[in-house]
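*Asks:* Below is data05.cif; it holds mmCIF, C-alpha atoms.
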```
data_upload
loop_
_atom_site.label_atom_id
_atom_site.label_comp_id
_atom_site.auth_asym_id
_atom_site.auth_seq_id
_atom_site.Cartn_x
_atom_site.Cartn_y
_atom_site.Cartn_z
CA MET A 353 0.00 0.00 0.00
CA LYS A 354 2.73 2.40 1.04
CA PHE A 355 4.77 1.35 -1.99
CA LYS A 356 1.82 2.02 -4.28
CA LEU A 357 1.32 5.51 -2.84
CA LEU A 358 4.99 6.28 -3.30
CA GLN A 359 4.79 5.10 -6.90
CA LYS A 360 1.80 7.33 -7.49
CA SER A 361 3.42 10.48 -6.11
CA GLN A 362 6.49 9.75 -8.21
CA ALA A 363 4.34 9.52 -11.32
CA VAL A 364 2.64 12.83 -10.46
CA SER A 365 5.95 14.67 -10.11
CA GLU A 366 7.18 13.13 -13.38
CA ASN A 367 4.02 14.32 -15.12
CA SER A 368 4.33 17.86 -13.79
CA ARG A 369 7.98 18.01 -14.83
CA ALA A 370 6.97 16.88 -18.35
CA LEU A 371 4.24 19.55 -18.33
CA PHE A 372 6.72 22.32 -17.45
CA ASP A 373 9.27 21.07 -20.00
CA GLY A 374 6.52 21.19 -22.59
CA MET A 375 5.55 24.74 -21.62
CA ARG A 376 9.18 25.88 -21.93
CA ASP A 377 9.61 24.27 -25.37
CA GLY A 378 6.23 25.64 -26.42
CA ILE A 379 7.37 29.29 -26.22
CA PRO A 380 9.20 29.45 -29.58
CA VAL A 381 6.29 27.58 -31.16
CA ALA A 382 3.90 30.17 -29.71
CA LEU A 383 5.89 33.04 -31.24
CA GLY A 384 5.93 31.35 -34.64
CA TYR A 385 2.22 30.63 -34.37
CA LEU A 386 1.43 34.30 -33.69
CA ALA A 387 3.20 35.44 -36.87
CA VAL A 388 1.86 32.69 -39.11
CA SER A 389 -1.70 32.69 -37.78
CA PHE A 390 -1.84 36.45 -38.32
CA SER A 391 -1.29 35.97 -42.05
CA LEU A 392 -3.79 33.10 -41.95
CA GLY A 393 -6.28 35.56 -40.45
CA ILE A 394 -5.72 37.90 -43.39
CA MET A 395 -6.60 35.03 -45.73
CA ALA A 396 -9.63 34.17 -43.58
CA ARG A 397 -10.80 37.75 -43.92
CA SER A 398 -10.45 37.74 -47.69
CA ALA A 399 -12.48 34.50 -47.72
CA GLY A 400 -15.24 36.42 -45.92
CA LEU A 401 -14.79 35.10 -42.37
CA THR A 402 -15.43 37.22 -39.26
CA ALA A 403 -12.91 37.48 -36.40
CA PHE A 404 -14.98 35.01 -34.36
CA GLN A 405 -15.19 32.54 -37.25
CA GLY A 406 -11.41 32.83 -37.74
CA PHE A 407 -10.88 32.19 -34.03
CA LEU A 408 -13.23 29.21 -34.16
CA ALA A 409 -11.53 27.75 -37.25
CA SER A 410 -8.09 27.92 -35.65
CA ALA A 411 -9.24 26.75 -32.22
CA LEU A 412 -11.01 23.73 -33.74
CA VAL A 413 -8.77 22.81 -36.65
CA ASN A 414 -5.18 23.70 -35.55
CA ALA A 415 -3.76 23.27 -39.05
CA SER A 416 -1.97 25.86 -41.18
CA ALA A 417 -2.15 24.29 -44.64
CA GLY A 418 -5.49 22.65 -43.85
CA GLU A 419 -7.10 25.92 -42.75
CA TYR A 420 -5.60 27.74 -45.70
CA ALA A 421 -7.02 25.12 -48.08
CA GLY A 422 -10.36 25.27 -46.28
CA PHE A 423 -10.51 29.07 -46.60
CA THR A 424 -9.98 28.81 -50.35
CA VAL A 425 -12.98 26.44 -50.50
CA ILE A 426 -15.07 28.92 -48.47
CA ALA A 427 -13.93 31.81 -50.70
CA GLU A 428 -15.03 29.88 -53.79
CA ASP A 429 -18.35 28.92 -52.17
CA ALA A 430 -17.63 25.35 -53.33
CA PRO A 431 -19.80 22.32 -52.46
CA TYR A 432 -19.47 20.85 -48.93
CA LEU A 433 -18.17 17.60 -50.42
CA GLU A 434 -15.25 19.50 -51.91
CA MET A 435 -14.39 20.70 -48.40
CA VAL A 436 -14.29 17.10 -47.18
CA VAL A 437 -11.95 16.03 -49.99
CA VAL A 438 -9.73 19.11 -49.77
CA ILE A 439 -9.31 18.75 -45.98
CA LEU A 440 -8.64 15.02 -46.32
CA ILE A 441 -5.80 15.75 -48.75
CA ALA A 442 -4.42 18.91 -47.13
CA ASN A 443 -4.27 17.21 -43.72
CA ALA A 444 -3.23 13.76 -44.90
CA ARG A 445 0.17 14.30 -43.29
CA TYR A 446 -1.46 14.34 -39.86
CA PHE A 447 -2.68 10.84 -40.61
CA LEU A 448 0.93 9.81 -41.11
CA MET A 449 2.06 11.65 -37.98
CA SER A 450 -0.74 10.02 -36.01
CA CYS A 451 0.45 6.60 -37.26
CA ALA A 452 3.99 7.48 -36.20
CA LEU A 453 2.85 8.69 -32.77
CA SER A 454 0.81 5.52 -32.24
CA GLN A 455 4.10 3.60 -32.46
CA ARG A 456 5.76 5.90 -29.93
CA MET A 457 3.05 5.88 -27.25
CA SER A 458 3.10 3.55 -24.30
CA PRO A 459 0.47 0.84 -24.97
CA GLU A 460 -0.96 1.71 -21.55
CA THR A 461 -1.80 5.27 -22.62
CA ARG A 462 -5.52 5.57 -21.94
CA LEU A 463 -8.14 6.46 -24.55
CA PRO A 464 -8.95 9.98 -23.21
CA HIS A 465 -5.27 10.93 -23.62
CA ARG A 466 -5.28 9.62 -27.19
CA LEU A 467 -8.50 11.48 -28.02
CA LEU A 468 -7.16 14.78 -26.63
CA LEU A 469 -3.60 14.47 -27.90
CA GLY A 470 -4.80 13.57 -31.38
CA ASN A 471 -6.56 16.91 -31.78
CA TYR A 472 -3.20 18.69 -31.48
CA ILE A 473 -1.07 16.73 -33.95
CA THR A 474 0.48 19.66 -35.82
CA ASP A 475 3.88 19.85 -37.53
CA GLU A 476 5.29 21.64 -34.49
CA PHE A 477 3.73 19.66 -31.61
CA PHE A 478 4.55 16.46 -33.49
CA GLY A 479 8.15 17.60 -33.97
CA LEU A 480 8.50 18.46 -30.28
CA ALA A 481 6.95 15.17 -29.13
CA ILE A 482 9.10 13.06 -31.47
CA SER A 483 12.27 14.89 -30.39
CA ARG A 484 11.92 13.46 -26.83
CA PRO A 485 13.53 10.10 -26.15
CA GLY A 486 11.46 7.05 -25.15
CA CYS A 487 7.69 6.79 -24.92
CA ILE A 488 5.77 10.01 -25.41
CA SER A 489 4.39 11.62 -22.26
CA PRO A 490 1.03 13.21 -23.05
CA TYR A 491 1.76 15.80 -20.35
CA TYR A 492 4.78 17.13 -22.24
CA THR A 493 2.61 17.86 -25.27
CA TYR A 494 -0.15 19.29 -23.05
CA GLY A 495 2.43 21.80 -21.77
CA SER A 496 3.35 23.02 -25.24
CA ILE A 497 -0.34 23.05 -26.26
CA LEU A 498 -1.24 25.26 -23.26
CA VAL A 499 1.36 27.84 -24.27
CA ALA A 500 1.12 27.78 -28.07
CA ALA A 501 -2.43 26.78 -29.09
CA PRO A 502 -4.13 29.94 -27.70
CA CYS A 503 -1.65 32.07 -29.69
CA TRP A 504 -2.67 30.27 -32.87
CA ALA A 505 -6.39 31.00 -32.39
CA LEU A 506 -5.85 34.56 -31.10
CA GLY A 507 -3.40 35.40 -33.89
CA THR A 508 -5.95 34.31 -36.48
CA SER A 509 -8.69 36.58 -35.13
CA ILE A 510 -6.24 39.49 -34.78
CA GLY A 511 -5.29 38.93 -38.44
CA VAL A 512 -8.96 39.12 -39.43
CA ILE A 513 -9.48 42.35 -37.47
CA ALA A 514 -6.21 44.16 -38.14
CA GLY A 515 -5.57 42.83 -41.64
CA ASN A 516 -7.27 45.81 -43.30
CA LEU A 517 -5.80 48.35 -40.85
CA LEU A 518 -2.29 47.48 -41.94
CA PRO A 519 -0.65 49.11 -44.96
CA LEU A 520 -0.78 47.03 -48.14
CA ARG A 521 3.01 46.58 -48.03
CA VAL A 522 2.91 44.93 -44.62
CA VAL A 523 0.03 42.66 -45.64
CA SER A 524 1.87 41.70 -48.82
CA ALA A 525 4.95 40.81 -46.73
CA LEU A 526 3.00 38.81 -44.13
CA ASN A 527 1.19 36.91 -46.88
CA VAL A 528 4.34 34.88 -47.57
CA ALA A 529 4.84 33.84 -43.90
CA LEU A 530 2.81 30.69 -44.43
CA TYR A 531 4.74 29.73 -47.56
CA GLY A 532 7.96 30.33 -45.64
CA MET A 533 6.73 27.87 -43.05
CA PHE A 534 5.91 25.29 -45.72
CA LEU A 535 9.45 25.68 -47.09
CA ALA A 536 10.88 25.20 -43.58
CA VAL A 537 8.93 21.92 -43.30
CA ILE A 538 9.81 20.42 -46.71
CA VAL A 539 13.38 21.62 -47.32
CA PRO A 540 15.35 20.12 -44.37
CA PRO A 541 14.30 16.51 -45.23
CA ALA A 542 15.15 17.26 -48.89
CA ARG A 543 18.71 17.97 -47.84
CA LYS A 544 19.10 14.41 -46.59
CA ASN A 545 16.91 12.67 -49.15
CA ARG A 546 17.49 13.18 -52.89
CA VAL A 547 14.14 11.66 -53.81
CA ILE A 548 12.34 14.31 -51.78
CA ALA A 549 14.54 17.05 -53.25
CA GLY A 550 13.69 15.92 -56.78
CA LEU A 551 10.03 15.53 -55.88
CA ILE A 552 9.79 19.12 -54.65
CA LEU A 553 11.13 20.42 -57.97
CA ILE A 554 8.73 18.16 -59.89
CA CYS A 555 5.85 19.39 -57.70
CA PHE A 556 6.73 23.03 -58.36
CA ALA A 557 6.88 22.37 -62.12
CA SER A 558 3.66 20.34 -62.34
CA SER A 559 1.77 22.73 -60.06
CA TYR A 560 2.85 25.60 -62.31
CA ALA A 561 1.88 23.65 -65.42
CA ALA A 562 -1.51 22.74 -63.91
CA SER A 563 -2.24 26.42 -63.26
CA LEU A 564 -1.72 27.18 -66.97
CA LEU A 565 -3.03 24.12 -68.84
CA PRO A 566 -6.55 24.29 -70.26
CA LEU A 567 -9.24 22.27 -68.38
CA ILE A 568 -7.03 21.63 -65.33
CA SER A 569 -6.52 25.34 -64.70
CA ASN A 570 -10.32 25.75 -64.55
CA LEU A 571 -10.50 23.49 -61.49
CA SER A 572 -10.29 25.09 -58.06
CA ALA A 573 -6.85 25.41 -56.45
CA GLY A 574 -7.88 22.88 -53.81
CA THR A 575 -8.91 20.25 -56.35
CA ARG A 576 -5.70 20.76 -58.33
CA THR A 577 -3.72 20.22 -55.12
CA THR A 578 -5.72 17.06 -54.42
CA ILE A 579 -5.14 15.53 -57.86
CA LEU A 580 -1.45 16.45 -58.04
CA THR A 581 -0.73 15.19 -54.51
CA VAL A 582 -2.34 11.79 -55.03
CA ALA A 583 -0.77 11.33 -58.48
CA ILE A 584 2.78 12.45 -57.63
CA SER A 585 2.89 10.64 -54.25
CA ALA A 586 1.59 7.40 -55.80
CA ILE A 587 4.15 7.50 -58.62
CA ALA A 588 6.93 8.29 -56.13
CA ALA A 589 5.79 5.40 -53.89
CA LEU A 590 5.87 3.01 -56.87
CA LEU A 591 9.26 4.18 -58.20
CA PHE A 592 10.98 4.83 -54.87
CA PRO A 593 9.43 2.64 -52.17
CA VAL A 594 10.56 3.74 -48.72
CA GLU A 595 12.58 1.37 -46.59
CA GLN A 596 11.02 0.06 -43.42
CA ARG A 597 9.77 2.66 -40.91
CA LYS A 598 11.28 5.83 -42.23
CA GLU A 599 8.61 8.31 -41.24
CA ALA A 600 8.58 12.05 -41.64
CA GLY A 601 9.89 13.70 -38.53
CA ASN A 602 12.15 10.84 -37.51
CA ASP A 603 14.83 12.10 -39.84
CA THR A 604 14.62 15.78 -38.98
CA MET B 1284 -22.89 32.88 -50.33
CA THR B 1285 -25.14 29.87 -50.72
CA HIS B 1286 -23.21 27.80 -48.19
CA ASN B 1287 -23.08 28.37 -44.44
CA THR B 1288 -19.63 29.27 -43.09
CA TYR B 1289 -20.29 27.46 -39.80
CA VAL B 1290 -21.12 24.24 -41.66
CA TYR B 1291 -17.84 24.63 -43.57
CA LEU B 1292 -15.97 25.10 -40.27
CA LEU B 1293 -17.71 22.10 -38.72
CA ILE B 1294 -16.71 19.91 -41.68
CA MET B 1295 -13.12 21.19 -41.47
CA ALA B 1296 -12.97 20.38 -37.74
CA ALA B 1297 -14.67 16.98 -37.96
CA VAL B 1298 -12.64 15.68 -40.91
CA THR B 1299 -9.35 16.94 -39.42
CA TYR B 1300 -10.15 15.39 -36.04
CA ALA B 1301 -10.97 12.04 -37.64
CA ILE B 1302 -7.69 12.07 -39.61
CA ARG B 1303 -5.68 12.79 -36.49
CA VAL B 1304 -7.40 10.59 -33.97
CA LEU B 1305 -8.28 7.42 -35.90
CA PRO B 1306 -4.71 6.13 -36.39
CA LEU B 1307 -3.75 7.09 -32.84
CA THR B 1308 -6.66 5.19 -31.33
CA LEU B 1309 -7.10 2.31 -33.78
CA ILE B 1310 -3.66 1.42 -35.15
CA ARG B 1311 -1.65 -0.24 -32.45
CA ARG B 1312 0.58 -2.11 -34.88
CA GLU B 1313 3.00 -1.10 -37.61
CA ILE B 1314 1.68 -0.50 -41.15
CA LYS B 1315 3.12 -3.37 -43.20
CA ASN B 1316 2.03 -2.54 -46.77
CA ARG B 1317 5.06 -1.01 -48.42
CA PHE B 1318 3.14 1.00 -51.02
CA ILE B 1319 0.82 2.63 -48.47
CA GLN B 1320 3.75 3.29 -46.18
CA SER B 1321 5.72 4.95 -49.00
CA PHE B 1322 2.69 6.85 -50.30
CA LEU B 1323 2.02 8.30 -46.83
CA TYR B 1324 5.70 9.14 -46.46
CA TYR B 1325 5.70 11.31 -49.61
CA VAL B 1326 2.28 12.96 -49.21
CA PRO B 1327 3.30 15.72 -46.78
CA TYR B 1328 6.18 16.97 -48.91
CA VAL B 1329 4.27 16.74 -52.17
CA THR B 1330 1.16 18.53 -50.92
CA LEU B 1331 3.11 21.39 -49.31
CA ALA B 1332 5.33 21.83 -52.38
CA VAL B 1333 2.31 21.87 -54.71
CA MET B 1334 0.61 24.48 -52.52
CA THR B 1335 3.69 26.70 -52.34
CA PHE B 1336 4.44 27.20 -56.03
CA PRO B 1337 3.23 29.07 -58.03
CA ALA B 1338 0.85 30.37 -55.31
CA ILE B 1339 3.66 32.33 -53.60
CA LEU B 1340 3.98 34.49 -56.75
CA GLY B 1341 0.34 35.54 -56.54
CA VAL B 1342 -0.01 36.72 -52.93
CA THR B 1343 2.44 39.62 -53.06
CA GLN B 1344 2.01 42.98 -54.78
CA SER B 1345 4.60 42.00 -57.36
CA PRO B 1346 5.40 38.43 -58.50
CA VAL B 1347 9.10 39.41 -58.41
CA SER B 1348 9.05 39.89 -54.62
CA GLY B 1349 7.24 36.55 -54.22
CA ALA B 1350 9.91 34.84 -56.32
CA LEU B 1351 12.68 36.47 -54.27
CA ALA B 1352 11.01 35.29 -51.04
CA LEU B 1353 10.87 31.75 -52.47
CA VAL B 1354 14.56 31.75 -53.39
CA VAL B 1355 15.71 33.21 -50.07
CA GLY B 1356 13.37 30.89 -48.14
CA LEU B 1357 14.76 27.85 -49.98
CA ILE B 1358 18.37 28.89 -49.33
CA ILE B 1359 18.08 29.60 -45.61
CA ALA B 1360 15.88 26.53 -45.05
CA LEU B 1361 18.64 24.49 -46.75
CA ARG B 1362 21.08 26.03 -44.29
CA GLY B 1363 18.95 24.70 -41.44
CA ALA B 1364 17.16 27.85 -40.28
CA SER B 1365 14.17 27.30 -37.98
CA LEU B 1366 10.56 27.43 -39.11
CA PHE B 1367 10.15 30.81 -37.40
CA SER B 1368 13.21 32.39 -39.02
CA VAL B 1369 12.43 31.09 -42.51
CA SER B 1370 8.91 32.46 -42.24
CA LEU B 1371 10.14 35.83 -40.97
CA ALA B 1372 12.93 36.08 -43.56
CA CYS B 1373 10.44 35.54 -46.40
CA CYS B 1374 8.30 38.39 -45.04
CA ALA B 1375 11.35 40.67 -44.74
CA VAL B 1376 12.45 39.92 -48.31
CA VAL B 1377 9.03 40.85 -49.67
CA PHE B 1378 8.84 44.03 -47.59
CA ILE B 1379 12.30 45.27 -48.56
CA SER B 1380 12.10 44.28 -52.23
CA GLU B 1381 8.71 45.96 -52.61
CA LEU B 1382 10.09 49.17 -51.06
CA LEU B 1383 12.65 49.15 -53.88
CA LEU B 1384 10.38 47.87 -56.66
CA LEU B 1385 7.31 49.91 -55.79
CA PRO B 1386 8.60 53.11 -54.14
CA PRO B 1387 6.15 54.92 -51.83
CA VAL B 1388 4.04 57.42 -53.75
#
```
Just give me the structure of the file as structure tokens.
*Replies:*
Amino acid sequence: MKFKLLQKSQAVSENSRALFDGMRDGIPVALGYLAVSFSLGIMARSAGLTAFQGFLASALVNASAGEYAGFTVIAEDAPYLEMVVVILIANARYFLMSCALSQRMSPETRLPHRLLLGNYITDEFFGLAISRPGCISPYYTYGSILVAAPCWALGTSIGVIAGNLLPLRVVSALNVALYGMFLAVIVPPARKNRVIAGLILICFASSYAASLLPLISNLSAGTRTTILTVAISAIAALLFPVEQRKEAGNDT
Amino acid sequence: MTHNTYVYLLIMAAVTYAIRVLPLTLIRREIKNRFIQSFLYYVPYVTLAVMTFPAILGVTQSPVSGALALVVGLIIALRGASLFSVSLACCAVVFISELLLLPPV
């Protein structure tokens, strides 16, 4: 009995240490989120969203590329089914990250933890979680979520409100923040993997071609992204199958 | 607007949540199929690359500043700069180059 109590208090102090570590590591993520979500808010505004709707989108979805893709669907007033498909494709990488995390969690991790943690699988929280040795402590990720997630949602609504108060030059500059973030996600793995490096160039070229070619260029940007992603990834998987368990994130 | 924004947001949230939570709760074993494994491995890079270009040329006041941001972003990301610095550097490049390209009236 005494031993069990001791074990329990040890676990509690381990969890709170993980929580504080997570909060510390969450600070740079929070700063990045503020800048990027602000430009996302500007896009939300141009898609016709209010500050509250922008806040809601970011608080519920927690996805840069996914929200961006979703806002383009809203701006085009496209069918709801297109939203489902576009979000499935834009956020497919979270599926992969979730698969990777499932292999790194202690099998004893209870369902409520999995349900809560899953909602916050972003490039950044995933990167932080994977960078820790051993089994993932949900409390570590909770710490970084507590610090960074509110900045993401707040930044988006500030972007919606202040987007039109800012000079056009500043808006134009902030508009590329999101693309800068995409580059920061795809380029480092390309340095270590020539297939990915070649793929990125092929993607740039085919995306450019698709925006010019008749018929394809008439499709919405989201649908073009969907088609190109499935086609290029499938061809790459056939030509360059990946060796066992070499997931994104493990090699960064 | 014939569609409701809140319905759009609900779909975005529900689909994203399903994508994130299903593997974490259901898959307790390693994915064995090599094609699916490889396909999922490439998807993130392909989708982000497709979304970046040529879109980055269209969001700035001049496509030239967008192109400069792309080049600088690629170079400093190759040199291992953090997500935050790459993002900020791209913004700075656009701001400075547009000051030169499109002088204040």
*Asks:* Which residues would end up in the selection if the PyMOL selection byres ((chain A and resi 502) around 10) were applied here, given that I need the answer as an NGL selection string?
*Replies:* :A and (382 or 385-386 or 407 or 410-411 or 497-501 or 503-508)
*Asks:* Report the distance between CA of Leu453 in chain A and CA of Ser585 in chain A in Å, rounded to one decimal place.
*Replies:*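 So the answer is 21.6 Å.
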*Asks:* From the list A:Ser496, A:Asn367, A:Ser416, A:Gln362, which residue is nearest chain B when using all atoms listed in the file?
*Replies:*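 Residue with the minimum atom-to-atom distance to chain B: A:Ser416.
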*Asks:* With distances taken over all atoms listed in the file, which of B:Val1377, B:Leu1307, B:Leu1361, B:Leu1323 is nearest to Leu1340 in chain B?
*Replies:*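 Of B:Val1377, B:Leu1307, B:Leu1361, B:Leu1323, the one nearest Leu1340 in chain B is B:Val1377, counting all atoms listed in the file.
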*Asks:* Taking only C-alpha atoms into account, name the residue in B:Ala1364, B:Ile1379, B:Cys1373, B:Leu1353 that is nearest to Ala1338 in chain B.
*Replies:*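 Of B:Ala1364, B:Ile1379, B:Cys1373, B:Leu1353, the one nearest Ala1338 in chain B is B:Leu1353, counting only C-alpha atoms.
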